[in-house]
Structure formats: structure tokens, C-alpha cells
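Next up, model_3.cif (mmCIF, C-alpha atoms):
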```cif
data_final
loop_
_atom_site.label_atom_id
_atom_site.label_comp_id
_atom_site.auth_asym_id
_atom_site.auth_seq_id
_atom_site.Cartn_x
_atom_site.Cartn_y
_atom_site.Cartn_z
CA MET Z 1 9.05 1.96 27.41
CA LEU Z 2 9.90 4.89 25.13
CA THR Z 3 12.32 2.80 23.04
CA THR Z 4 9.78 0.01 22.71
CA THR Z 5 7.09 2.47 21.64
CA LEU Z 6 9.39 4.12 19.10
CA ILE Z 7 10.37 0.81 17.54
CA ALA Z 8 6.74 -0.33 17.42
CA GLY Z 9 5.80 2.97 15.78
CA PHE Z 10 8.49 2.62 13.13
CA VAL Z 11 7.43 -0.97 12.41
CA LEU Z 12 3.79 0.04 11.97
CA GLY Z 13 4.75 3.16 10.03
CA GLY Z 14 7.02 1.18 7.71
CA THR Z 15 4.14 -1.19 6.97
CA TYR Z 16 1.80 1.72 6.25
CA ALA Z 17 4.41 3.30 3.97
CA LEU Z 18 4.91 0.07 2.00
CA VAL Z 19 1.16 -0.43 1.64
CA ALA Z 20 0.60 3.18 0.56
CA MET Z 21 3.41 3.19 -2.02
CA GLY Z 22 1.47 0.79 -4.24
CA LEU Z 23 -1.68 2.90 -4.09
CA THR Z 24 0.17 6.14 -4.75
CA ILE Z 25 1.79 4.55 -7.83
CA GLN Z 26 -1.56 3.32 -9.11
CA TYR Z 27 -3.21 6.69 -8.67
CA GLY Z 28 -0.19 8.76 -9.65
CA ILE Z 29 0.55 6.92 -12.90
CA ALA Z 30 -2.73 5.29 -13.96
CA ARG Z 31 -4.92 8.11 -12.55
CA THR Z 32 -7.36 5.54 -11.16
CA MET Z 33 -8.57 5.24 -7.59
CA ASN Z 34 -8.56 1.57 -6.59
CA LEU Z 35 -10.92 0.96 -3.67
CA ALA Z 36 -10.23 -2.79 -3.91
CA TYR Z 37 -6.57 -2.21 -3.03
CA GLY Z 38 -6.99 -3.40 0.55
CA GLU Z 39 -8.60 -6.63 -0.64
CA THR Z 40 -5.48 -7.34 -2.72
CA ILE Z 41 -3.43 -6.91 0.46
CA ILE Z 42 -5.62 -9.31 2.44
CA ALA Z 43 -5.67 -11.85 -0.40
CA ALA Z 44 -1.86 -11.88 -0.31
CA ALA Z 45 -1.95 -12.23 3.48
CA PHE Z 46 -4.14 -15.31 3.08
CA GLY Z 47 -1.74 -16.58 0.42
CA ALA Z 48 1.19 -16.24 2.84
CA TYR Z 49 -0.87 -18.01 5.52
CA LEU Z 50 -1.61 -20.94 3.20
CA ILE Z 51 1.96 -21.21 1.95
CA HIS Z 52 3.33 -21.21 5.49
CA ASN Z 53 0.77 -23.53 7.10
CA THR Z 54 0.26 -26.06 4.29
CA LEU Z 55 3.68 -26.16 2.64
CA GLY Z 56 5.84 -25.05 5.54
CA VAL Z 57 7.41 -22.38 3.33
CA SER Z 58 8.68 -19.14 4.84
CA PRO Z 59 6.52 -16.13 3.93
CA ILE Z 60 9.73 -14.44 2.77
CA LEU Z 61 10.05 -17.10 0.07
CA GLY Z 62 6.33 -16.75 -0.48
CA LEU Z 63 7.00 -13.23 -1.71
CA VAL Z 64 8.62 -14.78 -4.79
CA LEU Z 65 5.23 -16.23 -5.71
CA LEU Z 66 2.80 -13.67 -4.30
CA ALA Z 67 4.40 -10.48 -5.64
CA PRO Z 68 4.26 -11.68 -9.29
CA ALA Z 69 0.72 -12.97 -8.62
CA GLY Z 70 -0.31 -9.50 -7.41
CA PHE Z 71 1.31 -7.97 -10.49
CA ALA Z 72 -0.47 -10.38 -12.86
CA PHE Z 73 -3.84 -9.94 -11.13
CA SER Z 74 -3.65 -6.14 -11.31
CA TRP Z 75 -2.44 -6.30 -14.92
CA ILE Z 76 -5.56 -8.30 -15.83
CA VAL Z 77 -7.85 -6.02 -13.79
CA TYR Z 78 -6.52 -2.96 -15.60
CA GLY Z 79 -6.97 -4.57 -19.01
CA LEU Z 80 -10.49 -5.82 -18.37
CA LEU Z 81 -11.89 -3.15 -16.06
CA MET Z 82 -9.84 0.04 -16.19
CA ARG Z 83 -8.79 0.36 -19.82
CA PRO Z 84 -12.40 0.65 -21.10
CA LEU Z 85 -13.02 3.36 -18.50
CA VAL Z 86 -9.88 5.23 -19.57
CA ARG Z 87 -10.94 5.17 -23.22
CA ARG Z 88 -14.46 6.29 -22.41
CA SER Z 89 -13.62 9.07 -19.99
CA LYS Z 90 -10.45 10.33 -21.75
CA GLY Z 91 -8.85 11.16 -18.41
CA GLY Z 92 -9.77 13.84 -15.90
CA ALA Z 93 -12.25 13.73 -13.04
CA ALA Z 94 -14.60 11.40 -14.92
CA LEU Z 95 -11.98 8.63 -14.88
CA GLU Z 96 -11.49 8.98 -11.11
CA ILE Z 97 -15.22 8.75 -10.45
CA ASP Z 98 -15.68 5.77 -12.80
CA SER Z 99 -12.71 3.93 -11.29
CA ILE Z 100 -14.07 4.47 -7.77
CA LEU Z 101 -17.43 2.97 -8.74
CA ALA Z 102 -15.88 0.06 -10.65
CA THR Z 103 -13.37 -0.92 -7.96
CA PHE Z 104 -16.02 -0.50 -5.26
CA GLY Z 105 -17.84 -3.38 -6.92
CA LEU Z 106 -14.60 -5.34 -7.35
CA LEU Z 107 -13.99 -4.92 -3.61
CA PHE Z 108 -17.08 -6.97 -2.77
CA VAL Z 109 -16.29 -9.63 -5.36
CA ILE Z 110 -12.82 -10.28 -3.91
CA GLN Z 111 -14.09 -10.02 -0.34
CA GLY Z 112 -16.91 -12.46 -1.07
CA VAL Z 113 -14.52 -15.03 -2.52
CA MET Z 114 -12.30 -14.78 0.57
CA LEU Z 115 -15.28 -15.09 2.92
CA VAL Z 116 -16.38 -18.27 1.14
CA GLY Z 117 -12.86 -19.70 1.18
CA PHE Z 118 -11.70 -18.69 4.66
CA GLY Z 119 -14.79 -17.61 6.61
CA GLY Z 120 -15.05 -14.47 8.72
CA ASN Z 121 -12.83 -15.43 11.64
CA TYR Z 122 -9.56 -13.75 12.54
CA ILE Z 123 -6.54 -15.61 11.21
CA SER Z 124 -2.85 -15.51 12.08
CA TYR Z 125 0.15 -17.80 12.08
CA SER Z 126 3.30 -18.07 14.14
CA TYR Z 127 6.47 -17.04 12.34
CA MET Z 128 9.67 -15.86 14.06
CA ASN Z 129 7.61 -15.12 17.16
CA PHE Z 130 10.49 -14.62 19.58
CA GLY Z 131 12.04 -11.57 21.19
CA VAL Z 132 15.10 -9.66 20.00
CA ASP Z 133 16.91 -7.17 22.23
CA ILE Z 134 17.42 -3.74 20.63
CA PHE Z 135 18.81 -0.91 22.76
CA GLY Z 136 17.48 -2.59 25.87
CA ALA Z 137 14.00 -3.10 24.45
CA THR Z 138 12.60 -6.50 23.50
CA VAL Z 139 11.02 -6.52 20.04
CA ALA Z 140 9.34 -9.46 18.32
CA ALA Z 141 11.57 -10.75 15.53
CA ASN Z 142 8.69 -10.93 13.06
CA ARG Z 143 7.92 -7.23 13.58
CA LEU Z 144 11.56 -6.33 13.13
CA LEU Z 145 11.72 -8.39 9.94
CA ALA Z 146 8.55 -6.71 8.69
CA PHE Z 147 10.19 -3.30 9.16
CA VAL Z 148 13.36 -4.40 7.35
CA LEU Z 149 11.33 -5.80 4.46
CA ALA Z 150 9.34 -2.58 4.19
CA LEU Z 151 12.56 -0.57 4.04
CA VAL Z 152 14.22 -2.86 1.50
CA ILE Z 153 11.21 -3.11 -0.82
CA GLY Z 154 10.32 0.58 -0.52
CA GLY Z 155 13.94 1.71 -0.93
CA GLY Z 156 14.47 -0.60 -3.88
CA LEU Z 157 11.35 0.73 -5.58
CA TYR Z 158 12.43 4.32 -5.01
CA LEU Z 159 15.85 3.66 -6.56
CA LEU Z 160 14.30 1.88 -9.55
CA LEU Z 161 11.90 4.74 -10.21
CA THR Z 162 14.53 7.46 -9.82
CA ARG Z 163 17.67 5.77 -11.21
CA THR Z 164 16.44 3.75 -14.19
CA ARG Z 165 15.17 4.67 -17.64
CA TRP Z 166 11.82 2.90 -17.31
CA GLY Z 167 11.34 4.51 -13.91
CA THR Z 168 11.89 7.92 -15.47
CA ALA Z 169 9.30 7.06 -18.12
CA LEU Z 170 6.76 6.11 -15.46
CA ARG Z 171 7.37 9.34 -13.58
CA ALA Z 172 7.01 11.30 -16.81
CA VAL Z 173 3.56 9.77 -17.35
CA SER Z 174 2.65 10.66 -13.78
CA VAL Z 175 3.70 14.30 -14.20
CA ALA Z 176 2.48 14.99 -17.74
CA PRO Z 177 0.49 12.13 -19.32
CA GLU Z 178 -0.56 14.25 -22.29
CA SER Z 179 3.02 15.15 -23.17
CA ALA Z 180 4.57 11.70 -22.62
CA PRO Z 181 3.68 10.39 -26.13
CA LEU Z 182 5.58 13.33 -27.64
CA VAL Z 183 8.85 11.78 -26.43
CA GLY Z 184 7.97 8.25 -27.48
CA ILE Z 185 6.41 6.96 -24.26
CA ASP Z 186 3.37 4.71 -24.55
CA ALA Z 187 1.23 6.30 -21.84
CA ASP Z 188 -1.41 3.53 -21.85
CA ARG Z 189 1.19 0.79 -21.44
CA ALA Z 190 2.95 2.77 -18.70
CA ALA Z 191 -0.35 3.28 -16.88
CA ARG Z 192 -1.12 -0.44 -17.03
CA PHE Z 193 2.39 -1.29 -15.82
CA GLY Z 194 2.10 1.22 -12.98
CA PHE Z 195 -1.25 -0.22 -11.92
CA ALA Z 196 0.21 -3.75 -11.97
CA LEU Z 197 3.29 -2.62 -10.05
CA GLY Z 198 0.98 -1.20 -7.39
CA GLY Z 199 -0.68 -4.61 -7.18
CA ALA Z 200 2.69 -6.28 -6.65
CA LEU Z 201 3.44 -3.85 -3.81
CA ALA Z 202 0.02 -4.57 -2.31
CA ALA Z 203 0.90 -8.27 -2.32
CA CYS Z 204 4.23 -7.52 -0.63
CA GLY Z 205 2.39 -5.45 1.96
CA GLY Z 206 -0.03 -8.32 2.57
CA VAL Z 207 2.82 -10.73 3.26
CA VAL Z 208 4.46 -8.25 5.64
CA VAL Z 209 1.17 -7.63 7.46
CA SER Z 210 0.47 -11.36 7.81
CA MET Z 211 3.72 -11.98 9.68
CA TYR Z 212 2.74 -10.06 12.80
CA GLN Z 213 -0.95 -9.09 12.61
CA THR Z 214 -4.25 -10.93 12.71
CA PHE Z 215 -6.58 -10.35 9.76
CA THR Z 216 -9.97 -11.36 8.37
CA ALA Z 217 -11.52 -11.47 4.92
CA SER Z 218 -13.21 -8.13 5.65
CA SER Z 219 -10.06 -6.31 6.88
CA GLY Z 220 -9.22 -4.88 3.46
CA VAL Z 221 -11.25 -1.69 3.86
CA ILE Z 222 -9.12 -0.71 6.87
CA PHE Z 223 -5.92 -0.93 4.86
CA THR Z 224 -7.48 0.94 1.93
CA MET Z 225 -8.51 3.73 4.29
CA LYS Z 226 -5.07 3.93 5.92
CA ALA Z 227 -3.34 3.85 2.53
CA LEU Z 228 -5.56 6.68 1.25
CA ILE Z 229 -4.76 8.79 4.30
CA VAL Z 230 -1.02 8.22 3.83
CA VAL Z 231 -1.19 8.96 0.07
CA ILE Z 232 -3.07 12.22 0.58
CA MET Z 233 -0.92 13.29 3.54
CA GLY Z 234 2.32 12.64 1.66
CA GLY Z 235 1.22 14.04 -1.68
CA VAL Z 236 -0.44 12.04 -4.43
CA GLY Z 237 2.09 10.16 -6.55
CA ASN Z 238 5.07 11.00 -4.31
CA LEU Z 239 6.97 8.01 -2.90
CA ALA Z 240 9.01 10.06 -0.44
CA GLY Z 241 5.77 11.60 0.78
CA ALA Z 242 4.20 8.15 1.25
CA LEU Z 243 7.24 7.03 3.27
CA SER Z 244 7.19 10.12 5.49
CA ALA Z 245 3.43 10.11 6.02
CA GLY Z 246 3.42 6.36 6.74
CA LEU Z 247 6.03 6.76 9.46
CA ILE Z 248 4.16 9.73 10.96
CA LEU Z 249 0.92 7.76 10.99
CA GLY Z 250 2.54 4.71 12.61
CA LEU Z 251 4.26 6.78 15.30
CA VAL Z 252 1.10 8.78 16.10
CA GLU Z 253 -1.02 5.63 16.44
CA THR Z 254 1.55 3.87 18.62
CA PHE Z 255 2.21 6.82 20.96
CA VAL Z 256 -1.48 7.61 21.39
CA ALA Z 257 -2.29 3.95 22.07
CA SER Z 258 0.58 3.63 24.58
CA TYR Z 259 0.37 6.95 26.44
CA VAL Z 260 -3.20 8.20 25.99
CA SER Z 261 -5.86 5.65 25.02
CA PRO Z 262 -6.14 2.96 22.32
CA GLY Z 263 -9.65 4.21 21.63
CA LEU Z 264 -8.34 7.61 20.53
CA THR Z 265 -5.88 6.38 17.86
CA LEU Z 266 -8.31 6.90 14.98
CA ALA Z 267 -9.25 10.37 16.23
CA ALA Z 268 -5.57 11.32 16.53
CA VAL Z 269 -4.87 10.08 13.00
CA TYR Z 270 -7.65 12.21 11.56
CA LEU Z 271 -6.56 15.26 13.54
CA ILE Z 272 -3.03 14.95 12.11
CA PHE Z 273 -4.52 14.32 8.67
CA LEU Z 274 -6.71 17.44 8.82
CA ALA Z 275 -3.89 19.57 10.23
CA ILE Z 276 -1.55 18.65 7.37
CA LEU Z 277 -4.27 19.25 4.76
CA LEU Z 278 -5.02 22.69 6.22
CA TRP Z 279 -1.32 23.54 6.23
CA ARG Z 280 -0.44 21.86 2.92
CA PRO Z 281 -3.57 21.10 0.84
CA THR Z 282 -1.49 19.10 -1.69
CA GLY Z 283 0.24 17.03 1.02
CA LEU Z 284 3.72 17.16 2.54
CA PHE Z 285 5.53 16.68 -0.78
CA GLY Z 286 2.66 17.14 -3.22
CA LYS Z 287 2.39 19.54 -6.10
CA ALA Z 288 -0.63 20.80 -7.98
CA ARG Z 289 -1.68 18.20 -10.56
CA ARG Z 290 -2.28 19.03 -14.17
#
```

As C-alpha cells, how would this structure be written, given the file I've shared?
Amino acid sequence: MLTTTLIAGFVLGGTYALVAMGLTIQYGIARTMNLAYGETIIAAAFGAYLIHNTLGVSPILGLVLLAPAGFAFSWIVYGLLMRPLVRRSKGGAALEIDSILATFGLLFVIQGVMLVGFGGNYISYSYMNFGVDIFGATVAANRLLAFVLALVIGGGLYLLLTRTRWGTALRAVSVAPESAPLVGIDADRAARFGFALGGALAACGGVVVSMYQTFTASSGVIFTMKALIVVIMGGVGNLAGALSAGLILGLVETFVASYVSPGLTLAAVYLIFLAILLWRPTGLFGKARR
């Protein structure tokens, strides 16, 4: 029982970490709060569902199509919606407020399109739905694959951002956007790329979620809320913090649901969230922002 609960917690936590990494990149680099982030996740989940059920293509191969689609969609959204706000607000708190209002409206647009196309019913599909024995515990193969994908994608992103030149440039914009142009970095282009990269990660998260969870056109707000909690708990803009906080959140939810009561999972999450904020107001790995 304990082994099964631990594995389930890591699977859920890995999914939360992957989902939150995209949002923390968008906010950390582009300095915009995207409330439509969860809708991008659900749109990708529906995309994986369609690809699997209509074409018979594995959702893993679907990532090859959906991740670039998420990148392109977010690239366009930044150019049409965010860039005018950035120019008008000139950064700071005004940009965060404007981006919240703008993406709040975008949330309902995307959600409305999905409701028209797919209705409001819960949707799922069967993919690798068989048991795998791990340390004496039986785990669904699709959940195990979801955890592996989360680790591979998240680890690959971390290495790219910390071991490559363009990753260093993105992190420089995140840390000191005003100083980045002094060393030849186009801060606006980096912000747009970071926002689009977050969209690609949201699409990856949607595919991972679709493999082992049911979802509806209105489920996006739940993932946005969970991603925000993970981002704030881990420290805004910090990938290692998002990974750690995602795993903590997944383990807390799973253990509370298994050993206490499923109805108390949300309360437990918020208690952990408040405790970390009281102890570390900037998050587990966060630093004061400029």
C-alpha cells in the first residue's frame, strides 16, 4: 500500500511539475501572468485524444505535433495580445495586472471553442492501460510512462536552460531584464520565445495528463490553479523549485487521499502552501525579484 501510494504520488507530482515549469518560464521571463495556461493544457489533451482515437497514433508521437502547435499558438498570442501590453505598461506591476485581465478573457474564448467542439462531458481514452509490477506494487503502465515523460521533458529543459548559450540568455532576461540589452540580448524577443516555450510545455503537459486522467473542456482552471500554487511554492521563475514543489504537492494529495480523506486533499494542499509561504515568502528556491 505504501509503495503504491508513493509511486502514485510521484506520478502526480511529476505531472504537476511539468505543467508548472511552463507557467514559471512564462512568468519568469516574459513577466506576464497567463490565466489561460490551463486551457492550453486541456486543448492539447483534446488534441492527443483526437490523434489517438481518429488516427490511431500514439500520444507519444502526438507530442511531435502538439508541442510545436503549443509553441506556435503561444508565440501568436504573445505577439497579438501581450506585446501591446508590454509596450504600454513598460514592465512592472501594471504589466502583471494587464496580462491577468487579458488572459482571463482569453481563457473563456478557448474554453468556449472547446465546449462547442467537444461538449461538457468527461473524456478519456485507453492507452497502455495495463499493470506493471514495481517493487511488489502494481502500477498502470500509462501512469508510469507519464512520470517518465515528465522527468525526460523537465530534465531536458533544465539542461537546455543551464547548459546552452540561448538558455543563459533567457535566464539573464529573467534575472535582470533591464540590463540584458547592455550585453546584446534582445529582451523582447527572449520574452516572446519564453512565453512560446511555456506554451509548448503546456501542450506536453496536456498530452501527459490525457494518458491517465479524465478531463473536460472546463478543466483548465484546475490546472492553472495547481500550476500557480507550484510556481509560488517553488519560487517564481525557478525550475528546480517547480520540480520540488510539484513533487511535494503530488505526494501530499496522494497520501491525504489514501490515508485520511479524499475530500481533504485541497485543504491539505493549501495548508502546505501557506506554511511554505510563511516560512519562505519567496518560495523554496525563490529570490527577491527586481

Hits of the PyMOL selection byres ((chain Z and resi 114-125) around 9) in this structure, as a PDB file with C-alpha atoms, in the coordinates of the input:
```pdb
ATOM      1  CA  ILE Z  42      -5.620  -9.310   2.440  1.00  0.00           C
ATOM      2  CA  ALA Z  43      -5.670 -11.850  -0.400  1.00  0.00           C
ATOM      3  CA  PHE Z  46      -4.140 -15.310   3.080  1.00  0.00           C
ATOM      4  CA  TYR Z  49      -0.870 -18.010   5.520  1.00  0.00           C
ATOM      5  CA  HIS Z  52       3.330 -21.210   5.490  1.00  0.00           C
ATOM      6  CA  ASN Z  53       0.770 -23.530   7.100  1.00  0.00           C
ATOM      7  CA  VAL Z 109     -16.290  -9.630  -5.360  1.00  0.00           C
ATOM      8  CA  ILE Z 110     -12.820 -10.280  -3.910  1.00  0.00           C
ATOM      9  CA  GLN Z 111     -14.090 -10.020  -0.340  1.00  0.00           C
ATOM     10  CA  GLY Z 112     -16.910 -12.460  -1.070  1.00  0.00           C
ATOM     11  CA  VAL Z 113     -14.520 -15.030  -2.520  1.00  0.00           C
ATOM     12  CA  SER Z 126       3.300 -18.070  14.140  1.00  0.00           C
ATOM     13  CA  TYR Z 127       6.470 -17.040  12.340  1.00  0.00           C
ATOM     14  CA  SER Z 210       0.470 -11.360   7.810  1.00  0.00           C
ATOM     15  CA  MET Z 211       3.720 -11.980   9.680  1.00  0.00           C
ATOM     16  CA  TYR Z 212       2.740 -10.060  12.800  1.00  0.00           C
ATOM     17  CA  GLN Z 213      -0.950  -9.090  12.610  1.00  0.00           C
ATOM     18  CA  THR Z 214      -4.250 -10.930  12.710  1.00  0.00           C
ATOM     19  CA  PHE Z 215      -6.580 -10.350   9.760  1.00  0.00           C
ATOM     20  CA  THR Z 216      -9.970 -11.360   8.370  1.00  0.00           C
ATOM     21  CA  ALA Z 217     -11.520 -11.470   4.920  1.00  0.00           C
ATOM     22  CA  SER Z 218     -13.210  -8.130   5.650  1.00  0.00           C
TER      23      SER Z 218
END
```

Of the candidates Z:Ala202, Z:Leu271, Z:Val139, Z:Ile153, which shows the shortest atom-to-atom distance to Z:Leu6, using only C-alpha atoms?
Z:Val139

Distance in Å - atom CA of Z:Leu35 versus atom CA of Z:Leu107
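The value is 6.6 Å.
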
From Z:Gly70, Z:Ala36, Z:Leu63, Z:Ile29, residue lying nearest Z:Ala196 [all atoms listed in the file]:
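Result for the nearest residue to Z:Ala196: Z:Gly70.
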
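Comparing the minimum interatomic distances between Z:Leu161 and each of Z:Gly184, Z:Gly237, Z:Gly205, Z:Pro59, counting all atoms listed in the file, we find that Z:Gly237 sits nearest.
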
Around all the atoms of stretch 55-62 of chain Z listed in the file, with 6 Å of room on each side, what axis-aligned box do you get, giving centre and edge lengths in Å to one decimal, as lines of an AutoDock Vina configuration file?
```
center_x = 6.9
center_y = -20.3
center_z = 2.5
size_x = 18.4
size_y = 23.7
size_z = 18.0
```

Option closest in space to Z:Gly220, from Z:Gly105, Z:Pro181, Z:Gly155, Z:Gly38 [counting all atoms listed in the file]
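Of Z:Gly105, Z:Pro181, Z:Gly155, Z:Gly38, the one nearest Z:Gly220 is Z:Gly38, counting all atoms listed in the file.
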
Can you measure atom CA of Z:Val256 to atom CA of Z:Val269 for me? One decimal in Å is fine.
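These atoms are spaced 9.4 Å apart.
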
Identify which of the residues Z:Val57, Z:Ile185, Z:Met128, Z:Val19 lies closest to Z:Leu145, counting only C-alpha atoms when measuring atom-to-atom distances.
Z:Met128

By how many Å are atom CA of Z:Ala45 and atom CA of Z:Tyr270 apart?
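Those two atoms sit 26.4 Å apart.
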
Using the chain letters and numbers from the file, which residues does the PyMOL selection byres ((chain Z and resi 135) around 12) grab, as a list in words?
Met1, Leu2, Thr3, Thr4, Leu6, Ile7, Val132, Asp133, Ile134, Gly136, Ala137, Thr138 and Val139 of chain Z

Long-range neighbours of Z:Tyr158 as a count of residues only, 10 Å cut-off, only C-alpha atoms, 5 positions minimum in chain:
8

Specify as an MDAnalysis selection string each residue included when the PyMOL selection byres ((chain Z and resi 224) around 10) is applied to this file.
chainID Z and resid 19:20 23 34:41 219:223 225:230

Distance criterion (only C-alpha atoms): nearest to Z:Thr265 out of Z:Gly56, Z:Leu251, Z:Ala17, Z:Glu96
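Closest candidate: Z:Leu251.
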
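Residue neighbourhood of stretch 148-151 of chain Z, excluding near-sequence residues (fewer than 3 positions): Z:Val11, Z:Leu12, Z:Gly13, Z:Gly14, Z:Thr15, Z:Tyr16, Z:Ala17, Z:Leu18, Z:Val19, Z:Ile60, Z:Asn142, Z:Arg143, Z:Leu144, Z:Leu145, Z:Gly154, Z:Gly155, Z:Gly156, Z:Leu157, Z:Cys204, Z:Gly205, Z:Val207, Z:Val208, Z:Leu243, at 10 Å, using only C-alpha atoms.
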